[in-house]
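File shown here: input_28.cif, holding mmCIF, C-alpha atoms and all ligand atoms.
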```
data_my_file
#
loop_
_atom_site.label_atom_id
_atom_site.label_comp_id
_atom_site.auth_asym_id
_atom_site.auth_seq_id
_atom_site.Cartn_x
_atom_site.Cartn_y
_atom_site.Cartn_z
CA MET Q 1 0.00 0.00 0.00
CA VAL Q 2 1.29 3.42 -0.95
CA THR Q 3 2.07 5.93 1.80
CA ARG Q 4 2.28 9.51 0.58
CA LEU Q 5 5.04 11.81 1.75
CA SER Q 6 3.89 15.34 2.50
CA VAL Q 7 6.80 17.70 3.12
CA ASN Q 8 6.20 20.26 5.86
CA ILE Q 9 7.91 23.47 4.71
CA ASN Q 10 7.56 25.51 7.93
CA LYS Q 11 11.31 25.33 8.62
CA ILE Q 12 12.06 26.90 5.23
CA ALA Q 13 9.73 29.79 6.08
CA LEU Q 14 11.49 30.15 9.43
CA ILE Q 15 14.84 30.62 7.66
CA ARG Q 16 13.30 33.08 5.19
CA ASN Q 17 11.78 35.11 8.02
CA SER Q 18 15.10 35.45 9.82
CA ARG Q 19 16.17 38.08 7.25
CA LYS Q 20 14.51 40.71 5.14
CA GLY Q 21 13.66 39.64 1.60
CA ASN Q 22 12.44 36.37 0.15
CA TYR Q 23 15.32 33.94 0.40
CA PRO Q 24 14.83 31.02 0.34
CA ASP Q 25 11.79 31.39 -1.89
CA LEU Q 26 9.06 29.30 -0.29
CA ILE Q 27 7.00 29.02 -3.45
CA LYS Q 28 9.92 27.77 -5.53
CA LEU Q 29 10.87 25.39 -2.75
CA ALA Q 30 7.36 23.89 -2.64
CA GLN Q 31 7.50 23.37 -6.41
CA ASP Q 32 10.96 21.82 -6.15
CA CYS Q 33 9.78 19.42 -3.42
CA GLU Q 34 7.06 18.24 -5.81
CA ARG Q 35 9.55 17.96 -8.67
CA PHE Q 36 11.80 15.84 -6.45
CA GLY Q 37 8.98 13.42 -5.61
CA ALA Q 38 7.00 14.82 -2.66
CA ASP Q 39 3.38 13.71 -2.78
CA GLY Q 40 2.15 16.76 -0.93
CA ILE Q 41 3.07 20.00 0.82
CA THR Q 42 2.10 20.77 4.41
CA VAL Q 43 2.09 24.16 6.12
CA HIS Q 44 1.21 25.06 9.68
CA PRO Q 45 0.49 28.78 9.95
CA ARG Q 46 0.60 29.84 13.61
CA PRO Q 47 -1.04 32.95 15.05
CA ASP Q 48 2.33 34.78 15.43
CA GLN Q 49 3.27 33.93 11.78
CA ARG Q 50 6.78 33.01 12.89
CA HIS Q 51 7.19 30.69 9.94
CA ILE Q 52 4.36 30.36 7.40
CA ARG Q 53 2.69 33.74 6.91
CA PHE Q 54 -1.01 33.96 6.18
CA SER Q 55 -0.09 35.70 2.93
CA ASP Q 56 1.91 32.61 1.82
CA ILE Q 57 -1.23 30.49 1.65
CA PRO Q 58 -2.90 31.87 -1.53
CA ALA Q 59 0.43 31.87 -3.36
CA LEU Q 60 1.09 28.25 -2.38
CA LYS Q 61 -2.44 27.23 -3.33
CA GLN Q 62 -1.84 28.58 -6.83
CA VAL Q 63 1.25 26.49 -7.50
CA ILE Q 64 0.85 23.23 -5.57
CA LYS Q 65 -0.07 20.44 -7.96
CA THR Q 66 0.06 17.52 -5.51
CA GLU Q 67 -1.81 17.58 -2.18
CA PHE Q 68 -1.98 20.78 -0.15
CA ASN Q 69 -2.44 20.21 3.59
CA ILE Q 70 -2.94 23.08 6.05
CA GLU Q 71 -2.59 22.37 9.77
CA GLY Q 72 -3.81 24.49 12.64
CA TYR Q 73 -6.12 25.21 15.53
CA PRO Q 74 -9.69 25.92 14.34
CA SER Q 75 -9.92 29.57 15.41
CA LYS Q 76 -12.30 31.80 13.46
CA HIS Q 77 -9.35 33.25 11.55
CA PHE Q 78 -7.95 29.82 10.70
CA ILE Q 79 -11.32 28.51 9.54
CA ASP Q 80 -11.72 31.55 7.24
CA LEU Q 81 -8.19 31.15 5.89
CA VAL Q 82 -8.77 27.47 5.06
CA CYS Q 83 -12.27 27.95 3.62
CA THR Q 84 -11.05 30.78 1.38
CA ASN Q 85 -8.04 28.89 0.06
CA LYS Q 86 -9.57 25.39 -0.10
CA PRO Q 87 -6.60 23.03 0.37
CA ASP Q 88 -7.08 19.32 -0.30
CA GLN Q 89 -6.83 18.55 3.39
CA VAL Q 90 -6.98 20.41 6.68
CA THR Q 91 -5.42 18.86 9.78
CA LEU Q 92 -6.83 20.21 13.01
CA VAL Q 93 -4.49 20.42 16.00
CA PRO Q 94 -5.35 21.42 19.58
CA ASP Q 95 -2.35 23.78 19.91
CA ALA Q 96 -2.44 26.73 22.28
CA PRO Q 97 -1.53 29.97 20.37
CA ASN Q 98 2.06 30.23 21.67
CA VAL Q 99 3.07 26.56 21.72
CA LEU Q 100 6.53 25.79 20.25
CA THR Q 101 5.23 22.85 18.20
CA SER Q 102 2.24 20.49 18.38
CA ASP Q 103 2.70 18.38 21.48
CA GLN Q 104 -0.53 16.45 21.98
CA GLY Q 105 -3.59 15.12 20.20
CA TRP Q 106 -7.18 16.27 20.62
CA ASP Q 107 -9.35 15.47 23.59
CA VAL Q 108 -12.25 14.92 21.22
CA LYS Q 109 -14.77 14.38 24.02
CA ASN Q 110 -14.19 17.81 25.57
CA ASN Q 111 -14.02 19.67 22.24
CA LYS Q 112 -16.95 17.96 20.56
CA SER Q 113 -18.95 21.00 19.50
CA LEU Q 114 -15.89 23.03 18.39
CA LEU Q 115 -14.81 20.11 16.23
CA GLU Q 116 -18.24 19.24 14.88
CA GLU Q 117 -18.94 22.83 13.86
CA SER Q 118 -15.57 23.50 12.24
CA ILE Q 119 -15.45 20.11 10.49
CA ALA Q 120 -18.90 20.79 9.01
CA GLU Q 121 -17.63 24.10 7.53
CA PHE Q 122 -14.68 22.35 5.85
CA LYS Q 123 -16.72 19.39 4.61
CA LYS Q 124 -19.28 21.77 3.05
CA ARG Q 125 -16.45 23.04 0.86
CA GLY Q 126 -15.16 19.61 -0.08
CA ILE Q 127 -12.04 19.79 2.10
CA ARG Q 128 -10.90 16.50 3.67
CA VAL Q 129 -10.49 16.78 7.45
CA SER Q 130 -7.91 15.01 9.57
CA LEU Q 131 -7.68 15.25 13.38
CA PHE Q 132 -4.33 15.14 15.18
CA LEU Q 133 -4.66 12.40 17.81
CA ASP Q 134 -2.64 10.50 20.35
CA PRO Q 135 -2.79 6.76 19.61
CA ASP Q 136 -5.90 6.23 21.72
CA THR Q 137 -8.69 3.97 20.43
CA GLU Q 138 -11.38 5.80 22.41
CA MET Q 139 -10.45 9.09 20.72
CA VAL Q 140 -10.44 7.34 17.32
CA GLU Q 141 -14.06 6.26 17.84
CA LEU Q 142 -15.09 9.78 18.78
CA THR Q 143 -13.31 11.14 15.70
CA ARG Q 144 -15.66 9.24 13.45
CA ASP Q 145 -18.62 10.64 15.41
CA VAL Q 146 -17.57 14.30 14.93
CA GLY Q 147 -17.37 13.80 11.16
CA ALA Q 148 -13.64 13.74 10.39
CA ASP Q 149 -12.30 11.66 7.48
CA ARG Q 150 -8.91 10.80 8.87
CA ILE Q 151 -6.73 10.96 11.91
CA GLU Q 152 -3.10 12.01 12.09
CA LEU Q 153 -1.36 9.90 14.70
CA TYR Q 154 0.99 11.95 16.89
CA THR Q 155 4.32 10.14 16.59
CA GLY Q 156 6.38 12.33 18.99
CA PRO Q 157 6.49 9.82 21.90
CA TYR Q 158 7.07 6.92 19.46
CA SER Q 159 10.04 8.75 17.95
CA TRP Q 160 11.64 9.81 21.24
CA ASN Q 161 11.34 6.26 22.62
CA TYR Q 162 12.31 4.55 19.38
CA ALA Q 163 15.74 3.35 20.54
CA ALA Q 164 14.69 2.29 24.04
CA ASP Q 165 11.13 1.04 23.65
CA ARG Q 166 9.85 0.96 20.08
CA ASN Q 167 7.75 -2.20 20.57
CA SER Q 168 5.42 -0.94 23.28
CA GLN Q 169 5.05 2.42 21.52
CA ILE Q 170 4.27 0.93 18.13
CA LYS Q 171 1.62 -1.35 19.68
CA LEU Q 172 -0.46 1.73 20.58
CA HIS Q 173 -0.23 2.96 16.99
CA ILE Q 174 -1.13 -0.45 15.54
CA ASP Q 175 -4.21 -0.63 17.81
CA ALA Q 176 -5.31 2.90 16.85
CA ALA Q 177 -4.76 2.19 13.14
CA THR Q 178 -6.69 -1.08 13.38
CA LYS Q 179 -9.60 0.81 14.94
CA CYS Q 180 -9.45 3.37 12.10
CA ILE Q 181 -9.67 0.59 9.51
CA GLU Q 182 -12.67 -0.88 11.34
CA LEU Q 183 -14.39 2.54 11.31
CA GLY Q 184 -13.42 3.50 7.75
CA LEU Q 185 -11.12 6.37 8.75
CA GLY Q 186 -7.93 7.22 6.87
CA ILE Q 187 -4.60 7.18 8.71
CA ASN Q 188 -1.91 9.85 8.60
CA ALA Q 189 1.03 10.22 10.98
CA GLY Q 190 3.53 12.87 11.88
CA HIS Q 191 5.92 14.51 14.29
CA ASP Q 192 9.60 13.75 14.78
CA LEU Q 193 9.61 11.04 12.14
CA ASN Q 194 13.07 10.62 10.65
CA LEU Q 195 15.23 8.30 8.54
CA GLN Q 196 15.89 6.04 11.56
CA ASN Q 197 12.34 5.51 12.80
CA LEU Q 198 10.17 5.86 9.66
CA GLY Q 199 10.78 2.47 8.00
CA PHE Q 200 9.85 0.48 11.12
CA TYR Q 201 6.71 2.59 11.59
CA LYS Q 202 5.63 2.05 8.00
CA VAL Q 203 6.05 -1.75 8.03
CA GLN Q 204 4.36 -2.21 11.38
CA LEU Q 205 1.17 -0.29 10.70
CA PRO Q 206 -1.64 -2.20 8.96
CA ARG Q 207 -2.26 0.88 6.82
CA LEU Q 208 -0.68 4.31 6.54
CA ASP Q 209 -2.06 6.79 4.03
CA GLU Q 210 0.28 9.71 4.55
CA VAL Q 211 3.13 11.01 6.68
CA SER Q 212 3.97 14.69 7.04
CA ILE Q 213 7.59 15.39 7.85
CA GLY Q 214 9.39 18.68 8.30
CA HIS Q 215 12.12 19.11 10.89
CA ALA Q 216 14.20 15.99 10.21
CA LEU Q 217 13.75 16.06 6.44
CA ILE Q 218 14.86 19.68 6.13
CA THR Q 219 17.79 18.97 8.46
CA ASP Q 220 18.78 15.96 6.33
CA ALA Q 221 18.54 18.15 3.24
CA ILE Q 222 21.41 20.24 4.64
CA TYR Q 223 23.65 17.16 4.48
CA PHE Q 224 22.26 15.30 1.47
CA GLY Q 225 20.52 17.96 -0.60
CA LEU Q 226 16.76 18.35 -0.87
CA GLU Q 227 16.25 15.95 -3.76
CA ASN Q 228 18.28 13.17 -2.12
CA ALA Q 229 16.57 13.72 1.23
CA ILE Q 230 13.12 13.40 -0.32
CA LEU Q 231 14.16 10.25 -2.19
CA MET Q 232 15.59 8.75 1.02
CA TYR Q 233 12.33 9.35 2.90
CA LYS Q 234 10.32 7.94 0.00
CA LYS Q 235 12.50 4.84 0.08
CA CYS Q 236 11.58 4.28 3.76
CA LEU Q 237 7.93 4.29 2.70
CA LYS Q 238 8.28 1.64 0.00
N1 LIG A 301 2.10 17.09 12.22
C1 LIG A 301 1.76 18.18 12.95
C2 LIG A 301 0.35 18.31 13.40
C3 LIG A 301 2.71 19.17 13.25
O1 LIG A 301 2.36 20.23 13.98
C4 LIG A 301 4.02 19.02 12.76
C5 LIG A 301 5.03 20.11 13.01
O2 LIG A 301 4.59 21.30 12.43
C6 LIG A 301 4.33 17.87 12.00
C7 LIG A 301 3.35 16.92 11.75
C8 LIG A 301 5.69 17.64 11.44
O3 LIG A 301 6.58 17.37 12.51
P1 LIG A 301 8.14 17.40 12.25
O4 LIG A 301 8.51 18.80 11.88
O5 LIG A 301 8.71 16.98 13.57
O6 LIG A 301 8.43 16.43 11.15
#
```

Once you've parsed the file, please lay out its structure as structure tokens.
Ligand code: PXP
Amino acid sequence: MVTRLSVNINKIALIRNSRKGNYPDLIKLAQDCERFGADGITVHPRPDQRHIRFSDIPALKQVIKTEFNIEGYPSKHFIDLVCTNKPDQVTLVPDAPNVLTSDQGWDVKNNKSLLEESIAEFKKRGIRVSLFLDPDTEMVELTRDVGADRIELYTGPYSWNYAADRNSQIKLHIDAATKCIELGLGINAGHDLNLQNLGFYKVQLPRLDEVSIGHALITDAIYFGLENAILMYKKCLK
């Protein structure tokens, strides 16, 4: 089964924003990622615009030919941004406004109406919705009930414990993925995936539709070049 690689380009925007001007050019970089084999481009605009700026979104939408995935907390502003620009997929995360990076999945039970209402807005416009979740079968069941199409499994703890305890971590992900299959939900995964831990993750899961990877892939691109890095990650997904 094919697993798509969506490249998260937030880190590139972070470098661009550290100086005046437009270098590196985010739009060209997104196009190059696609040319080098990426199956999608992911961005995560945060309220302080420290990496992706809101103004990047329409420009990216115009050029991305593969799958465009926008991640974020469903604030009024975020919902408007997504509904106006209509990406292929929106991934909802429960991040507080000033969090460094996403660090937990949704508590779907306690955010039921927020999720139901925002998911309905996206679905009305034909945008696929994925919810960022810890590998927790109870939350997976609730995800189906609020109307999402997919989940994105939060792989942070799996990745940090990969060397010491990969087997007990992966079991949680296998159980959550099995529940998704039973309920007809798609399965994405992301956070701290890298060249060491991605291959094992891919072969263990009964299905994996998409991974979104930023930090490690962009870091590897410094050593190997962007094209090689993308090919190396794609190889782990074969
Ligand atoms: N998924 C979500 C929801 C994220 O917030 C991030 C980071 O922006 C990623 C995936 C990608 O994580 P990483 O940069 O560690 O590959």

Taking (14.5, 18.1, 8.7) in the file's coordinates as the center, which residues reach within 12 Å of it, counting all atoms listed in the file, put as a VMD selection string? chain Q and resid 7 to 12 191 to 195 212 to 226 229 to 230 233

With all atoms listed in the file as the counted atoms, please give the residues lying no more than 8 Å from Lys112 of chain Q, apart from itself and same-chain residues fewer than 4 positions off, as an MDAnalysis selection string. chainID Q and resid 108 116 146

Need to verify the contact set: Gly190 of chain Q, 7 Å, all atoms listed in the file, exclusion of same-chain residues closer than 5 positions in sequence. Can you return it as a PyMOL selection string? chain Q and resi 152-155+211-213

Take the selection from the previous step and output its residues with C-alpha atoms, as a PDB file, in the coordinates of the input.
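As a result, again.pdb now contains:
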```
ATOM      1  CA  GLU Q 152      -3.100  12.010  12.090  1.00  0.00           C
ATOM      2  CA  LEU Q 153      -1.360   9.900  14.700  1.00  0.00           C
ATOM      3  CA  TYR Q 154       0.990  11.950  16.890  1.00  0.00           C
ATOM      4  CA  THR Q 155       4.320  10.140  16.590  1.00  0.00           C
ATOM      5  CA  VAL Q 211       3.130  11.010   6.680  1.00  0.00           C
ATOM      6  CA  SER Q 212       3.970  14.690   7.040  1.00  0.00           C
ATOM      7  CA  ILE Q 213       7.590  15.390   7.850  1.00  0.00           C
TER       8      ILE Q 213
END
```

Contacts of Pro157 of chain Q at 10 Å or less, counting all atoms listed in the file, minus same-chain residues fewer than 3 places along, as a PyMOL selection string? chain Q and resi 103-104+134+154+160-162+166+169-170+191-192

Take the residues that were just selected and, keeping C-alpha atoms, output them as a compact mmCIF listing (two decimals), in the frame of the given file.
```txt
# COMPACT_ATOMS: atom_id res chain seq x y z
CA ASP Q 103 2.70 18.38 21.48
CA GLN Q 104 -0.53 16.45 21.98
CA ASP Q 134 -2.64 10.50 20.35
CA TYR Q 154 0.99 11.95 16.89
CA TRP Q 160 11.64 9.81 21.24
CA ASN Q 161 11.34 6.26 22.62
CA TYR Q 162 12.31 4.55 19.38
CA ARG Q 166 9.85 0.96 20.08
CA GLN Q 169 5.05 2.42 21.52
CA ILE Q 170 4.27 0.93 18.13
CA HIS Q 191 5.92 14.51 14.29
CA ASP Q 192 9.60 13.75 14.78
```

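With distances restricted to all atoms listed in the file, Q:Val43 is the closest residue to ligand LIG 301 (chain A) from Q:Leu208, Q:Ile15, Q:Val140, Q:Val43.
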
Surrounding residues of Phe132 of chain Q excluding itself and chain neighbours under 4 positions, 6 Å, all atoms listed in the file, as a ChimeraX atom specification: /Q:93,105,151-152

With distances taken over only C-alpha atoms and all ligand atoms, which of Q:Pro94, Q:Gly184, Q:Gly40, Q:Pro135 is nearest to ligand LIG 301 (chain A)?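 Smallest distance to ligand LIG 301 (chain A) is found for Q:Pro94.
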
Extending 8 Å beyond the listed atoms of ligand LIG 301 (chain A) on each side, what axis-aligned box results? I want centre and edge lengths in Å to one decimal, as AutoDock Vina command-line options.
```
--center_x 4.5 --center_y 18.9 --center_z 12.6 --size_x 24.4 --size_y 20.9 --size_z 18.8
```

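Using only C-alpha atoms, the set of residues no farther than 10 Å from the position (-7.6, 4.5, 23.8) comprises Asp134, Pro135, Asp136, Thr137, Glu138, Met139, Val140, Glu141, Leu172, Asp175, Ala176 and Lys179 of chain Q.
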
May I ask for the distance between atom CA of Phe200 of chain Q and atom CA of Arg4 of chain Q, given in Å to one decimal place? 15.8 Å
